[in-house]
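Containing mmCIF, C-alpha atoms: work-v1.cif.
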data_coords
loop_
_atom_site.group_PDB
_atom_site.id
_atom_site.type_symbol
_atom_site.label_atom_id
_atom_site.label_comp_id
_atom_site.auth_asym_id
_atom_site.auth_seq_id
_atom_site.Cartn_x
_atom_site.Cartn_y
_atom_site.Cartn_z
ATOM 1 C CA MET A 223 12.291 14.844 -11.279
ATOM 2 C CA LYS A 224 11.701 13.573 -7.759
ATOM 3 C CA ARG A 225 8.970 10.975 -7.950
ATOM 4 C CA SER A 226 6.867 9.799 -4.978
ATOM 5 C CA LEU A 227 3.920 7.471 -4.451
ATOM 6 C CA ALA A 228 2.852 9.274 -1.274
ATOM 7 C CA VAL A 229 -0.613 10.835 -1.189
ATOM 8 C CA ASP A 230 -1.842 13.600 1.081
ATOM 9 C CA LEU A 231 -5.547 13.109 1.788
ATOM 10 C CA GLY A 232 -5.665 16.220 3.933
ATOM 11 C CA ALA A 233 -6.346 16.740 7.626
ATOM 12 C CA GLY A 234 -2.963 15.233 8.438
ATOM 13 C CA LEU A 235 -3.628 11.904 6.698
ATOM 14 C CA VAL A 236 -0.586 11.198 4.518
ATOM 15 C CA LEU A 237 -0.155 7.674 3.137
ATOM 16 C CA PRO A 238 3.027 6.159 1.672
ATOM 17 C CA THR A 239 1.111 4.863 -1.338
ATOM 18 C CA PRO A 240 -2.384 5.496 -2.731
ATOM 19 C CA VAL A 241 -3.352 1.820 -2.348
ATOM 20 C CA MET A 242 -5.170 0.524 0.743
ATOM 21 C CA ILE A 243 -6.555 -2.846 1.802
ATOM 22 C CA ALA A 244 -10.351 -2.603 1.774
ATOM 23 C CA ALA A 245 -12.522 -3.184 4.827
ATOM 24 C CA GLY A 246 -12.694 -6.817 5.903
ATOM 25 C CA CYS A 247 -10.041 -8.039 3.482
ATOM 26 C CA GLY A 248 -7.223 -7.630 5.985
ATOM 27 C CA GLY A 249 -8.973 -9.877 8.489
ATOM 28 C CA THR A 250 -7.861 -9.541 12.081
ATOM 29 C CA GLY A 251 -4.261 -8.698 11.274
ATOM 30 C CA ARG A 252 -3.054 -12.267 11.670
ATOM 31 C CA GLU A 253 -3.985 -13.377 8.179
ATOM 32 C CA PHE A 254 -1.285 -11.352 6.378
ATOM 33 C CA ALA A 255 1.578 -12.435 8.643
ATOM 34 C CA GLY A 256 4.418 -13.719 6.498
ATOM 35 C CA LEU A 257 2.512 -13.023 3.280
ATOM 36 C CA VAL A 258 2.849 -9.274 2.811
ATOM 37 C CA ASP A 259 4.786 -6.447 4.432
ATOM 38 C CA LEU A 260 2.032 -4.130 5.622
ATOM 39 C CA ARG A 261 4.541 -1.283 5.818
ATOM 40 C CA LYS A 262 4.427 -1.240 2.000
ATOM 41 C CA VAL A 263 0.637 -0.778 1.983
ATOM 42 C CA GLY A 264 -0.896 2.683 1.966
ATOM 43 C CA ALA A 265 -3.324 1.804 4.770
ATOM 44 C CA ILE A 266 -5.369 -1.089 6.047
ATOM 45 C CA VAL A 267 -9.070 -0.658 6.728
ATOM 46 C CA SER A 268 -10.413 -2.847 9.518
ATOM 47 C CA ARG A 269 -13.376 -5.115 9.004
ATOM 48 C CA THR A 270 -16.549 -3.206 9.825
ATOM 49 C CA ILE A 271 -16.973 -3.098 13.595
ATOM 50 C CA THR A 272 -20.334 -2.936 15.357
ATOM 51 C CA VAL A 273 -21.243 -2.222 18.970
ATOM 52 C CA HIS A 274 -22.109 -5.838 19.746
ATOM 53 C CA PRO A 275 -20.495 -9.025 18.378
ATOM 54 C CA GLU A 276 -21.996 -10.403 15.166
ATOM 55 C CA LYS A 277 -21.822 -14.105 14.270
ATOM 56 C CA GLY A 278 -22.302 -13.425 10.600
ATOM 57 C CA ALA A 279 -24.126 -15.134 7.767
ATOM 58 C CA PRO A 280 -24.568 -18.916 7.466
ATOM 59 C CA PRO A 281 -22.185 -20.746 5.129
ATOM 60 C CA PRO A 282 -21.447 -20.914 2.272
ATOM 61 C CA ARG A 283 -20.421 -17.261 2.302
ATOM 62 C CA ILE A 284 -18.738 -16.858 -1.063
ATOM 63 C CA ALA A 285 -19.388 -18.027 -4.614
ATOM 64 C CA GLU A 286 -17.225 -17.434 -7.645
ATOM 65 C CA THR A 287 -18.726 -15.812 -10.732
ATOM 66 C CA PRO A 288 -17.182 -15.339 -14.202
ATOM 67 C CA SER A 289 -16.200 -11.779 -13.260
ATOM 68 C CA GLY A 290 -15.754 -11.774 -9.502
ATOM 69 C CA VAL A 291 -17.463 -13.198 -6.460
ATOM 70 C CA VAL A 292 -20.831 -12.986 -4.759
ATOM 71 C CA TRP A 293 -20.362 -12.932 -1.012
ATOM 72 C CA ALA A 294 -22.158 -12.446 2.282
ATOM 73 C CA THR A 295 -20.318 -12.412 5.597
ATOM 74 C CA GLY A 296 -23.191 -10.944 7.564
ATOM 75 C CA GLY A 297 -20.860 -8.444 9.184
ATOM 76 C CA GLN A 298 -19.091 -10.959 11.396
ATOM 77 C CA ASN A 299 -16.954 -9.157 13.984
ATOM 78 C CA PRO A 300 -16.138 -9.410 17.710
ATOM 79 C CA GLY A 301 -17.825 -6.155 18.731
ATOM 80 C CA VAL A 302 -16.151 -2.868 19.504
ATOM 81 C CA ASP A 303 -14.864 -3.734 22.991
ATOM 82 C CA ALA A 304 -13.012 -6.861 21.849
ATOM 83 C CA PHE A 305 -11.780 -5.042 18.755
ATOM 84 C CA LEU A 306 -10.211 -2.289 20.818
ATOM 85 C CA GLU A 307 -8.591 -4.753 23.189
ATOM 86 C CA ASP A 308 -7.211 -7.238 20.680
ATOM 87 C CA GLU A 309 -7.556 -6.518 16.950
ATOM 88 C CA LEU A 310 -6.746 -2.808 16.823
ATOM 89 C CA PRO A 311 -3.356 -3.155 18.566
ATOM 90 C CA ARG A 312 -2.501 -6.130 16.339
ATOM 91 C CA LEU A 313 -3.404 -4.250 13.176
ATOM 92 C CA ALA A 314 -1.253 -1.313 14.304
ATOM 93 C CA ARG A 315 1.724 -3.564 15.021
ATOM 94 C CA GLY A 316 1.719 -4.593 11.355
ATOM 95 C CA GLY A 317 3.218 -1.211 10.520
ATOM 96 C CA SER A 318 0.499 0.129 8.240
ATOM 97 C CA THR A 319 -1.733 3.133 8.775
ATOM 98 C CA VAL A 320 -5.007 1.882 10.311
ATOM 99 C CA ILE A 321 -8.431 3.169 9.305
ATOM 100 C CA VAL A 322 -11.315 1.788 11.350
ATOM 101 C CA SER A 323 -14.573 0.937 9.599
ATOM 102 C CA ILE A 324 -17.687 1.250 11.765
ATOM 103 C CA GLY A 325 -21.260 0.200 11.057
ATOM 104 C CA GLY A 326 -24.571 0.135 12.843
ATOM 105 C CA GLY A 327 -28.317 0.286 12.590
ATOM 106 C CA SER A 328 -28.904 3.424 14.635
ATOM 107 C CA LEU A 329 -27.386 6.835 15.235
ATOM 108 C CA GLU A 330 -26.734 5.882 18.855
ATOM 109 C CA GLU A 331 -24.577 2.935 17.818
ATOM 110 C CA PHE A 332 -22.401 5.047 15.556
ATOM 111 C CA VAL A 333 -22.020 7.675 18.256
ATOM 112 C CA ARG A 334 -21.075 5.100 20.869
ATOM 113 C CA MET A 335 -18.378 3.535 18.705
ATOM 114 C CA THR A 336 -16.949 6.917 17.782
ATOM 115 C CA SER A 337 -16.684 7.878 21.447
ATOM 116 C CA LEU A 338 -14.831 4.627 22.207
ATOM 117 C CA LEU A 339 -12.375 5.224 19.368
ATOM 118 C CA GLN A 340 -11.565 8.704 20.621
ATOM 119 C CA GLY A 341 -8.033 9.093 21.848
ATOM 120 C CA ARG A 342 -6.776 5.811 20.429
ATOM 121 C CA PRO A 343 -3.421 6.641 18.798
ATOM 122 C CA GLU A 344 -3.670 3.616 16.480
ATOM 123 C CA VAL A 345 -6.670 5.135 14.661
ATOM 124 C CA ALA A 346 -5.612 7.353 11.761
ATOM 125 C CA ALA A 347 -9.125 7.792 10.329
ATOM 126 C CA ILE A 348 -12.651 6.433 10.532
ATOM 127 C CA GLU A 349 -14.650 5.031 7.639
ATOM 128 C CA VAL A 350 -18.408 5.145 8.216
ATOM 129 C CA ASN A 351 -19.958 2.147 6.480
ATOM 130 C CA LEU A 352 -23.415 3.226 5.339
ATOM 131 C CA SER A 353 -24.369 0.032 3.495
ATOM 132 C CA GLY A 354 -26.188 -1.620 6.390
ATOM 133 C CA PRO A 355 -29.904 -1.463 7.198
ATOM 134 C CA ASP A 356 -31.331 1.531 9.034
ATOM 135 C CA GLU A 357 -33.049 -0.196 11.927
ATOM 136 C CA GLU A 358 -34.371 3.041 13.403
ATOM 137 C CA LEU A 359 -36.319 4.098 10.332
ATOM 138 C CA GLY A 360 -36.940 0.634 8.910
ATOM 139 C CA ARG A 361 -35.016 1.254 5.692
ATOM 140 C CA ALA A 362 -33.058 -1.392 3.820
ATOM 141 C CA GLU A 363 -29.896 0.686 3.406
ATOM 142 C CA LEU A 364 -28.868 3.681 5.461
ATOM 143 C CA GLY A 365 -26.574 5.224 2.867
ATOM 144 C CA ALA A 366 -29.234 5.295 0.165
ATOM 145 C CA HIS A 367 -30.912 8.273 1.859
ATOM 146 C CA VAL A 368 -29.678 11.852 1.997
ATOM 147 C CA ASP A 369 -31.163 12.683 5.385
ATOM 148 C CA ARG A 370 -29.732 9.753 7.321
ATOM 149 C CA THR A 371 -26.357 9.912 5.607
ATOM 150 C CA ALA A 372 -25.990 13.509 6.725
ATOM 151 C CA GLU A 373 -27.243 12.777 10.237
ATOM 152 C CA VAL A 374 -25.068 9.737 10.914
ATOM 153 C CA ALA A 375 -21.881 10.671 9.063
ATOM 154 C CA GLY A 376 -22.106 14.243 10.331
ATOM 155 C CA ALA A 377 -22.443 13.115 13.935
ATOM 156 C CA VAL A 378 -19.326 10.956 13.642
ATOM 157 C CA ALA A 379 -17.368 13.773 11.985
ATOM 158 C CA ARG A 380 -18.285 16.271 14.705
ATOM 159 C CA MET A 381 -17.234 13.917 17.497
ATOM 160 C CA THR A 382 -13.713 13.037 16.418
ATOM 161 C CA LEU A 383 -10.479 14.803 15.583
ATOM 162 C CA VAL A 384 -9.360 12.246 12.985
ATOM 163 C CA PRO A 385 -10.520 12.404 9.353
ATOM 164 C CA VAL A 386 -13.870 10.744 8.644
ATOM 165 C CA PHE A 387 -14.733 9.124 5.313
ATOM 166 C CA ALA A 388 -18.347 8.295 4.501
ATOM 167 C CA LYS A 389 -18.553 5.021 2.562
ATOM 168 C CA ILE A 390 -21.456 5.410 0.169
ATOM 169 C CA PRO A 391 -22.971 2.523 -1.832
ATOM 170 C CA LEU A 392 -22.353 2.692 -5.572
ATOM 171 C CA HIS A 393 -26.008 1.961 -6.225
ATOM 172 C CA ALA A 394 -27.432 4.771 -4.073
ATOM 173 C CA PRO A 395 -30.312 6.233 -6.143
ATOM 174 C CA ASP A 396 -29.107 9.830 -5.679
ATOM 175 C CA LEU A 397 -25.396 9.149 -5.365
ATOM 176 C CA VAL A 398 -24.166 12.690 -5.914
ATOM 177 C CA GLU A 399 -26.732 14.190 -3.540
ATOM 178 C CA VAL A 400 -25.932 11.619 -0.854
ATOM 179 C CA ALA A 401 -22.237 12.424 -1.232
ATOM 180 C CA ARG A 402 -22.940 16.146 -1.124
ATOM 181 C CA ALA A 403 -24.999 15.744 2.043
ATOM 182 C CA ALA A 404 -22.166 13.854 3.735
ATOM 183 C CA VAL A 405 -19.613 16.529 2.866
ATOM 184 C CA ARG A 406 -21.905 19.338 3.962
ATOM 185 C CA ALA A 407 -22.453 17.502 7.244
ATOM 186 C CA GLY A 408 -18.733 17.657 7.925
ATOM 187 C CA VAL A 409 -17.055 14.484 6.694
ATOM 188 C CA HIS A 410 -13.548 14.979 5.389
ATOM 189 C CA GLY A 411 -13.780 12.582 2.457
ATOM 190 C CA LEU A 412 -15.743 9.895 0.673
ATOM 191 C CA THR A 413 -15.236 6.204 0.000
ATOM 192 C CA LEU A 414 -17.200 5.231 -3.079
ATOM 193 C CA GLY A 415 -17.772 1.547 -3.530
ATOM 194 C CA GLY A 416 -20.258 -0.433 -1.505
ATOM 195 C CA SER A 417 -20.799 -3.680 -3.445
ATOM 196 C CA PRO A 418 -24.097 -3.893 -5.365
ATOM 197 C CA PRO A 419 -26.586 -6.576 -4.237
ATOM 198 C CA ALA A 420 -26.456 -9.873 -6.107
ATOM 199 C CA ILE A 421 -27.409 -13.547 -6.049
ATOM 200 C CA ALA A 422 -25.515 -16.627 -7.228
ATOM 201 C CA VAL A 423 -27.263 -19.889 -8.145
ATOM 202 C CA ASP A 424 -25.990 -23.469 -7.978
ATOM 203 C CA ALA A 425 -27.976 -24.986 -10.846
ATOM 204 C CA ARG A 426 -26.731 -28.519 -10.218
ATOM 205 C CA ARG A 427 -28.195 -28.497 -6.722
ATOM 206 C CA LEU A 428 -31.176 -26.287 -7.624
ATOM 207 C CA ARG A 429 -30.233 -24.014 -4.732
ATOM 208 C CA PRO A 430 -28.776 -20.569 -4.082
ATOM 209 C CA SER A 431 -24.998 -20.662 -3.834
ATOM 210 C CA LEU A 432 -24.940 -18.673 -0.589
ATOM 211 C CA GLY A 433 -26.367 -19.731 2.741
ATOM 212 C CA SER A 434 -27.966 -16.317 3.098
ATOM 213 C CA VAL A 435 -29.409 -16.525 -0.469
ATOM 214 C CA ALA A 436 -28.707 -12.876 -1.323
ATOM 215 C CA GLY A 437 -25.277 -11.306 -1.165
ATOM 216 C CA TRP A 438 -23.059 -8.664 -2.745
ATOM 217 C CA LEU A 439 -21.034 -8.562 -5.959
ATOM 218 C CA SER A 440 -17.315 -7.792 -5.831
ATOM 219 C CA GLY A 441 -14.477 -8.102 -8.307
ATOM 220 C CA PRO A 442 -13.640 -6.934 -11.833
ATOM 221 C CA ALA A 443 -17.292 -6.624 -12.892
ATOM 222 C CA VAL A 444 -17.751 -3.754 -10.462
ATOM 223 C CA LYS A 445 -14.994 -1.487 -11.777
ATOM 224 C CA PRO A 446 -17.117 0.319 -14.423
ATOM 225 C CA LEU A 447 -19.631 1.173 -11.682
ATOM 226 C CA THR A 448 -16.839 2.472 -9.492
ATOM 227 C CA LEU A 449 -15.455 4.650 -12.284
ATOM 228 C CA ARG A 450 -18.888 6.089 -12.988
ATOM 229 C CA ALA A 451 -19.438 6.942 -9.327
ATOM 230 C CA VAL A 452 -16.010 8.526 -8.900
ATOM 231 C CA LEU A 453 -16.316 10.644 -12.032
ATOM 232 C CA GLU A 454 -19.800 11.918 -11.221
ATOM 233 C CA VAL A 455 -19.064 12.730 -7.588
ATOM 234 C CA SER A 456 -15.628 14.264 -8.173
ATOM 235 C CA ARG A 457 -17.030 16.613 -10.809
ATOM 236 C CA GLU A 458 -19.594 17.937 -8.343
ATOM 237 C CA LEU A 459 -17.366 17.850 -5.241
ATOM 238 C CA PRO A 460 -13.826 18.476 -6.515
ATOM 239 C CA GLY A 461 -12.525 19.484 -3.094
ATOM 240 C CA ALA A 462 -13.439 16.241 -1.325
ATOM 241 C CA PRO A 463 -10.823 13.465 -1.196
ATOM 242 C CA ILE A 464 -12.309 10.346 -2.788
ATOM 243 C CA VAL A 465 -11.216 6.772 -2.157
ATOM 244 C CA ALA A 466 -12.360 4.359 -4.879
ATOM 245 C CA VAL A 467 -13.081 0.714 -4.100
ATOM 246 C CA GLY A 468 -14.539 -1.943 -6.354
ATOM 247 C CA GLY A 469 -12.805 -3.898 -9.097
ATOM 248 C CA VAL A 470 -9.279 -2.597 -8.476
ATOM 249 C CA ARG A 471 -6.786 -5.410 -9.053
ATOM 250 C CA SER A 472 -3.950 -3.836 -11.053
ATOM 251 C CA GLY A 473 -1.955 -0.653 -11.364
ATOM 252 C CA ASP A 474 -3.925 0.235 -14.494
ATOM 253 C CA ASP A 475 -7.206 -0.115 -12.568
ATOM 254 C CA ALA A 476 -5.918 2.211 -9.868
ATOM 255 C CA VAL A 477 -4.727 4.757 -12.417
ATOM 256 C CA GLU A 478 -8.127 4.706 -14.123
ATOM 257 C CA CYS A 479 -9.817 5.481 -10.807
ATOM 258 C CA MET A 480 -7.432 8.361 -10.124
ATOM 259 C CA LEU A 481 -7.890 9.780 -13.611
ATOM 260 C CA ALA A 482 -11.641 9.729 -12.938
ATOM 261 C CA GLY A 483 -11.119 11.747 -9.747
ATOM 262 C CA ALA A 484 -10.036 9.473 -6.898
ATOM 263 C CA SER A 485 -7.155 10.406 -4.609
ATOM 264 C CA ALA A 486 -6.581 6.810 -3.518
ATOM 265 C CA VAL A 487 -7.988 3.322 -4.008
ATOM 266 C CA GLN A 488 -8.759 0.246 -1.954
ATOM 267 C CA VAL A 489 -8.070 -3.330 -3.036
ATOM 268 C CA GLY A 490 -10.474 -5.997 -1.831
ATOM 269 C CA THR A 491 -11.319 -9.177 -3.733
ATOM 270 C CA ALA A 492 -7.890 -9.298 -5.385
ATOM 271 C CA THR A 493 -6.312 -9.975 -1.975
ATOM 272 C CA LEU A 494 -8.210 -13.276 -1.818
ATOM 273 C CA VAL A 495 -6.124 -14.486 -4.752
ATOM 274 C CA ASP A 496 -2.901 -12.673 -3.874
ATOM 275 C CA PRO A 497 -2.469 -11.135 -0.386
ATOM 276 C CA ALA A 498 0.313 -8.958 -1.800
ATOM 277 C CA ALA A 499 -2.000 -7.469 -4.448
ATOM 278 C CA PRO A 500 -2.079 -3.990 -2.811
ATOM 279 C CA VAL A 501 1.712 -3.805 -3.061
ATOM 280 C CA ALA A 502 1.668 -4.996 -6.683
ATOM 281 C CA VAL A 503 -1.019 -2.434 -7.542
ATOM 282 C CA ALA A 504 1.095 0.364 -6.047
ATOM 283 C CA GLN A 505 4.089 -0.825 -8.052
ATOM 284 C CA GLY A 506 1.933 -0.693 -11.165
ATOM 285 C CA VAL A 507 1.006 2.915 -10.399
ATOM 286 C CA ALA A 508 4.695 3.734 -9.948
ATOM 287 C CA ARG A 509 5.503 2.259 -13.362
ATOM 288 C CA PHE A 510 2.754 4.337 -14.974
ATOM 289 C CA LEU A 511 4.041 7.554 -13.393
ATOM 290 C CA LYS A 512 7.590 6.810 -14.494
ATOM 291 C CA ALA A 513 6.534 5.995 -18.044
ATOM 292 C CA LYS A 514 4.558 9.226 -18.316
ATOM 293 C CA GLY A 515 7.129 11.414 -16.566
ATOM 294 C CA ILE A 516 4.673 12.340 -13.801
ATOM 295 C CA ALA A 517 5.837 13.129 -10.275
ATOM 296 C CA SER A 518 3.021 11.850 -8.065
ATOM 297 C CA PRO A 519 -0.453 10.294 -7.984
ATOM 298 C CA ALA A 520 -1.915 13.706 -7.182
ATOM 299 C CA ASP A 521 -0.822 14.915 -10.610
ATOM 300 C CA ILE A 522 -3.168 12.510 -12.404
ATOM 301 C CA ARG A 523 -6.203 12.937 -10.181
ATOM 302 C CA GLY A 524 -9.197 14.066 -12.237
ATOM 303 C CA ARG A 525 -7.126 14.336 -15.440
ATOM 304 C CA LEU A 526 -9.408 12.225 -17.592
ATOM 305 C CA ARG A 527 -9.589 13.718 -21.087
ATOM 306 C CA LEU A 528 -13.310 14.256 -21.531
ATOM 307 C CA PRO A 529 -15.140 15.278 -24.710
ATOM 308 C CA ALA A 530 -15.462 19.026 -25.192
ATOM 309 C CA SER A 531 -19.124 18.997 -24.174
ATOM 310 C CA HIS A 532 -18.116 17.788 -20.684
ATOM 311 C CA ARG A 533 -14.997 19.839 -20.038
ATOM 312 C CA GLU A 534 -16.571 22.984 -18.609
ATOM 313 C CA GLN A 535 -18.451 21.045 -15.965
ATOM 314 C CA ALA A 536 -15.458 18.833 -15.199
ATOM 315 C CA GLY A 537 -12.932 21.640 -15.117
ATOM 316 C CA GLY A 538 -10.858 20.456 -18.058
ATOM 317 C CA GLY A 539 -8.352 17.646 -18.083
ATOM 318 C CA ALA A 540 -4.592 17.665 -18.550
ATOM 319 C CA ASP A 541 -2.978 15.444 -21.128
ATOM 320 C CA VAL A 542 -1.029 12.586 -19.517
ATOM 321 C CA SER A 543 -0.215 10.897 -22.811
ATOM 322 C CA THR A 544 3.358 10.335 -23.904
#

Rewrite the structure of this file - the entire thing - as structure tokens.
Amino acid sequence: MKRSLAVDLGAGLVLPTPVMIAAGCGGTGREFAGLVDLRKVGAIVSRTITVHPEKGAPPPRIAETPSGVVWATGGQNPGVDAFLEDELPRLARGGSTVIVSIGGGSLEEFVRMTSLLQGRPEVAAIEVNLSGPDEELGRAELGAHVDRTAEVAGAVARMTLVPVFAKIPLHAPDLVEVARAAVRAGVHGLTLGGSPPAIAVDARRLRPSLGSVAGWLSGPAVKPLTLRAVLEVSRELPGAPIVAVGGVRSGDDAVECMLAGASAVQVGTATLVDPAAPVAVAQGVARFLKAKGIASPADIRGRLRLPASHREQAGGGADVST
């Protein structure tokens, strides 16, 4: 049997492994120099880029919890012009496939960034980060609403020739309907895994642990939420490539996400401890495939063995046991 870790996400996007570095965790491209060979990573997602530079949240920006971290960067980035001039070429020189994450508070901002990314050969795909506030309509989170998700993600998808993935928050009230609206609007795939909101407290100082007070939860605690989101969305939208992010730190975690319906995964918080974590996760997936006699990651996607009462809706589930 010829075994391969490569995954085909469709629309010409083929990755050498199903494991990516999540948005923001790869920094500017400098941070991984000498620490990890980016050619062994499925793809690297840029930090979320906005039209104008953002200074970010006040420090402290990260606090450890028993099961992960609570963080708030405030979207710090140099703005799209500086990104295109400096960071994008550097990321591409690392040898990994580059996916650019874009964010904004208005439809106009997303459209402007998409137009500037057009024709850049370094850009393999665009990830539309929908976790930020909707400044136009005065809503706390753009991706929590079906109408704006479709409008914004659809506009980006119609403007570009590269695949577009809508990144939808795990805690969106109508997660499946938001995902469905994005796909109907024309996006190629979905990234499921915006961190849920959270707060950390420093009891000794009687103060919040973060300078911004509120932040977002990442790390192992989030994985059950990620699995739930992937399973629910993949059952309703089996044709849409899904990238799972949130709590993935081992090969077993990645396999669980793929069994639930993901085509690929992103590794985030784990890279703070070990920059080579995405490579180690991919190696763990390879060991699982070899042990089970399975040829590729695609062969385990959506193969979770569900109870009989769920099989008809889920379309069954092949046995991957030894």

Using all atoms listed in the file, what residues lie at most 10 Å away from (-20.9, 13.5, 4.3) (file coordinates), given as a PyMOL selection string? chain A and resi 350+368+371-379+386-390+399-412+462

On this file, the PyMOL selection byres ((chain A and resi 442-459) around 6) gives some set of residues; write that set as a compact mmCIF listing (two decimals) with C-alpha atoms, in the frame of the given file.
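So the final result, stored in expr_7.txt, reads:
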# COMPACT_ATOMS: atom_id res chain seq x y z
CA SER A 289 -16.20 -11.78 -13.26
CA GLY A 290 -15.75 -11.77 -9.50
CA VAL A 398 -24.17 12.69 -5.91
CA GLY A 441 -14.48 -8.10 -8.31
CA PRO A 460 -13.83 18.48 -6.52
CA GLY A 461 -12.52 19.48 -3.09
CA ALA A 462 -13.44 16.24 -1.32
CA GLY A 468 -14.54 -1.94 -6.35
CA GLY A 469 -12.80 -3.90 -9.10
CA CYS A 479 -9.82 5.48 -10.81
CA ALA A 482 -11.64 9.73 -12.94
CA GLY A 483 -11.12 11.75 -9.75
CA ALA A 536 -15.46 18.83 -15.20

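Once the PyMOL selection byres ((chain A and resi 235-239) around 9) is applied to the depicted file, the selected set reads Ser226, Leu227, Ala228, Val229, Asp230, Leu231, Gly232, Ala233, Gly234, Pro240, Val241, Met242, Arg261, Lys262, Val263, Gly264, Ala265, Thr319, Ala346, Ala347, Val384, Pro385, Ala486, Val501, Ala504 and Pro519 of chain A.
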
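The shortest atom-to-atom distance to A:Ala255, with only C-alpha atoms taken into account, belongs to A:Arg312 out of A:Glu307, A:Arg312, A:Ala422, A:Gly433.
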
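The point (0.2, -12.9, 5.5) has these residues within 12 Å of it when all atoms listed in the file are used: A:Cys247, A:Gly248, A:Gly249, A:Thr250, A:Gly251, A:Arg252, A:Glu253, A:Phe254, A:Ala255, A:Gly256, A:Leu257, A:Val258, A:Asp259, A:Leu260, A:Gly316, A:Thr493, A:Leu494, A:Asp496, A:Pro497, A:Ala498, A:Ala499.
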
Of A:Gly354, A:Gly317, A:Pro343, A:Gly437, the one nearest to A:Ala285 when counting only C-alpha atoms is A:Gly437

Find the distance between atom CA of A:Asp303 and atom CA of A:Arg334 and write it in Å to one decimal.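 So the two atoms, atom CA of A:Asp303 and atom CA of A:Arg334, lie 11.0 Å apart.
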
Residues picked by the PyMOL selection byres ((chain A and resi 320) around 9) here, as a ChimeraX atom specification? /A:265-268,310,313-314,317-319,321-322,344-348

Select, from A:Ala502, A:Met223, A:Val273, A:Ala362, the residue with the minimum atom-to-atom distance to A:Ser518, counting only C-alpha atoms.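 Checking each of A:Ala502, A:Met223, A:Val273, A:Ala362 against A:Ser518, counting only C-alpha atoms, the winner is A:Met223.
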
Nearest to A:Trp293, chosen from A:Arg471, A:His367, A:Ala436, A:Lys277, with all atoms listed in the file counted in the distances: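 For A:Trp293, the nearest of the candidates is A:Ala436.
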
List the neighbours of A:Lys224 out to 12 Å using all atoms listed in the file; skip same-chain residues closer than 6 positions along the sequence, and give me the result as a list of chain:residue names.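 The contact residues come out as A:Leu511, A:Lys512, A:Gly515, A:Ile516, A:Ala517, A:Ser518.
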
Which distance in Å separates atom CA of A:Leu481 and atom CA of A:Leu397, to one decimal?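 So the two atoms, atom CA of A:Leu481 and atom CA of A:Leu397, lie 19.4 Å apart.
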
What does the distance between atom CA of A:Val302 and atom CA of A:Ala366 come to in Å, to one decimal place?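 Computing the Euclidean distance for atom CA of A:Val302 and atom CA of A:Ala366 yields 24.7 Å.
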
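Comparing A:Gln298, A:Arg225, A:Met480, A:Val487 by their smallest distance to A:Ile522, the closest is A:Met480 (using all atoms listed in the file).
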
A:Arg370 environment, 9 Å, all atoms listed in the file, sequence neighbours closer than 5 positions dropped, as a PDB file with C-alpha atoms, in the coordinates of the input:
ATOM      1  CA  LEU A 329     -27.386   6.835  15.235  1.00  0.00           C
ATOM      2  CA  ASP A 356     -31.331   1.531   9.034  1.00  0.00           C
ATOM      3  CA  LEU A 364     -28.868   3.681   5.461  1.00  0.00           C
ATOM      4  CA  GLY A 365     -26.574   5.224   2.867  1.00  0.00           C
ATOM      5  CA  ALA A 375     -21.881  10.671   9.063  1.00  0.00           C
TER       6      ALA A 375
END

Please report, as AutoDock Vina command-line options, the centre and edge lengths in Å to one decimal of an axis-aligned box covering all listed atoms of stretch 401-420 of chain A with 6 Å per side.
--center_x -20.1 --center_y 4.7 --center_z 0.9 --size_x 25.0 --size_y 41.2 --size_z 26.0

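Using all atoms listed in the file, the smallest distance between any of A:Gln488, A:Thr287, A:Asn299, A:Ser353 and A:Ala476 comes from A:Gln488.
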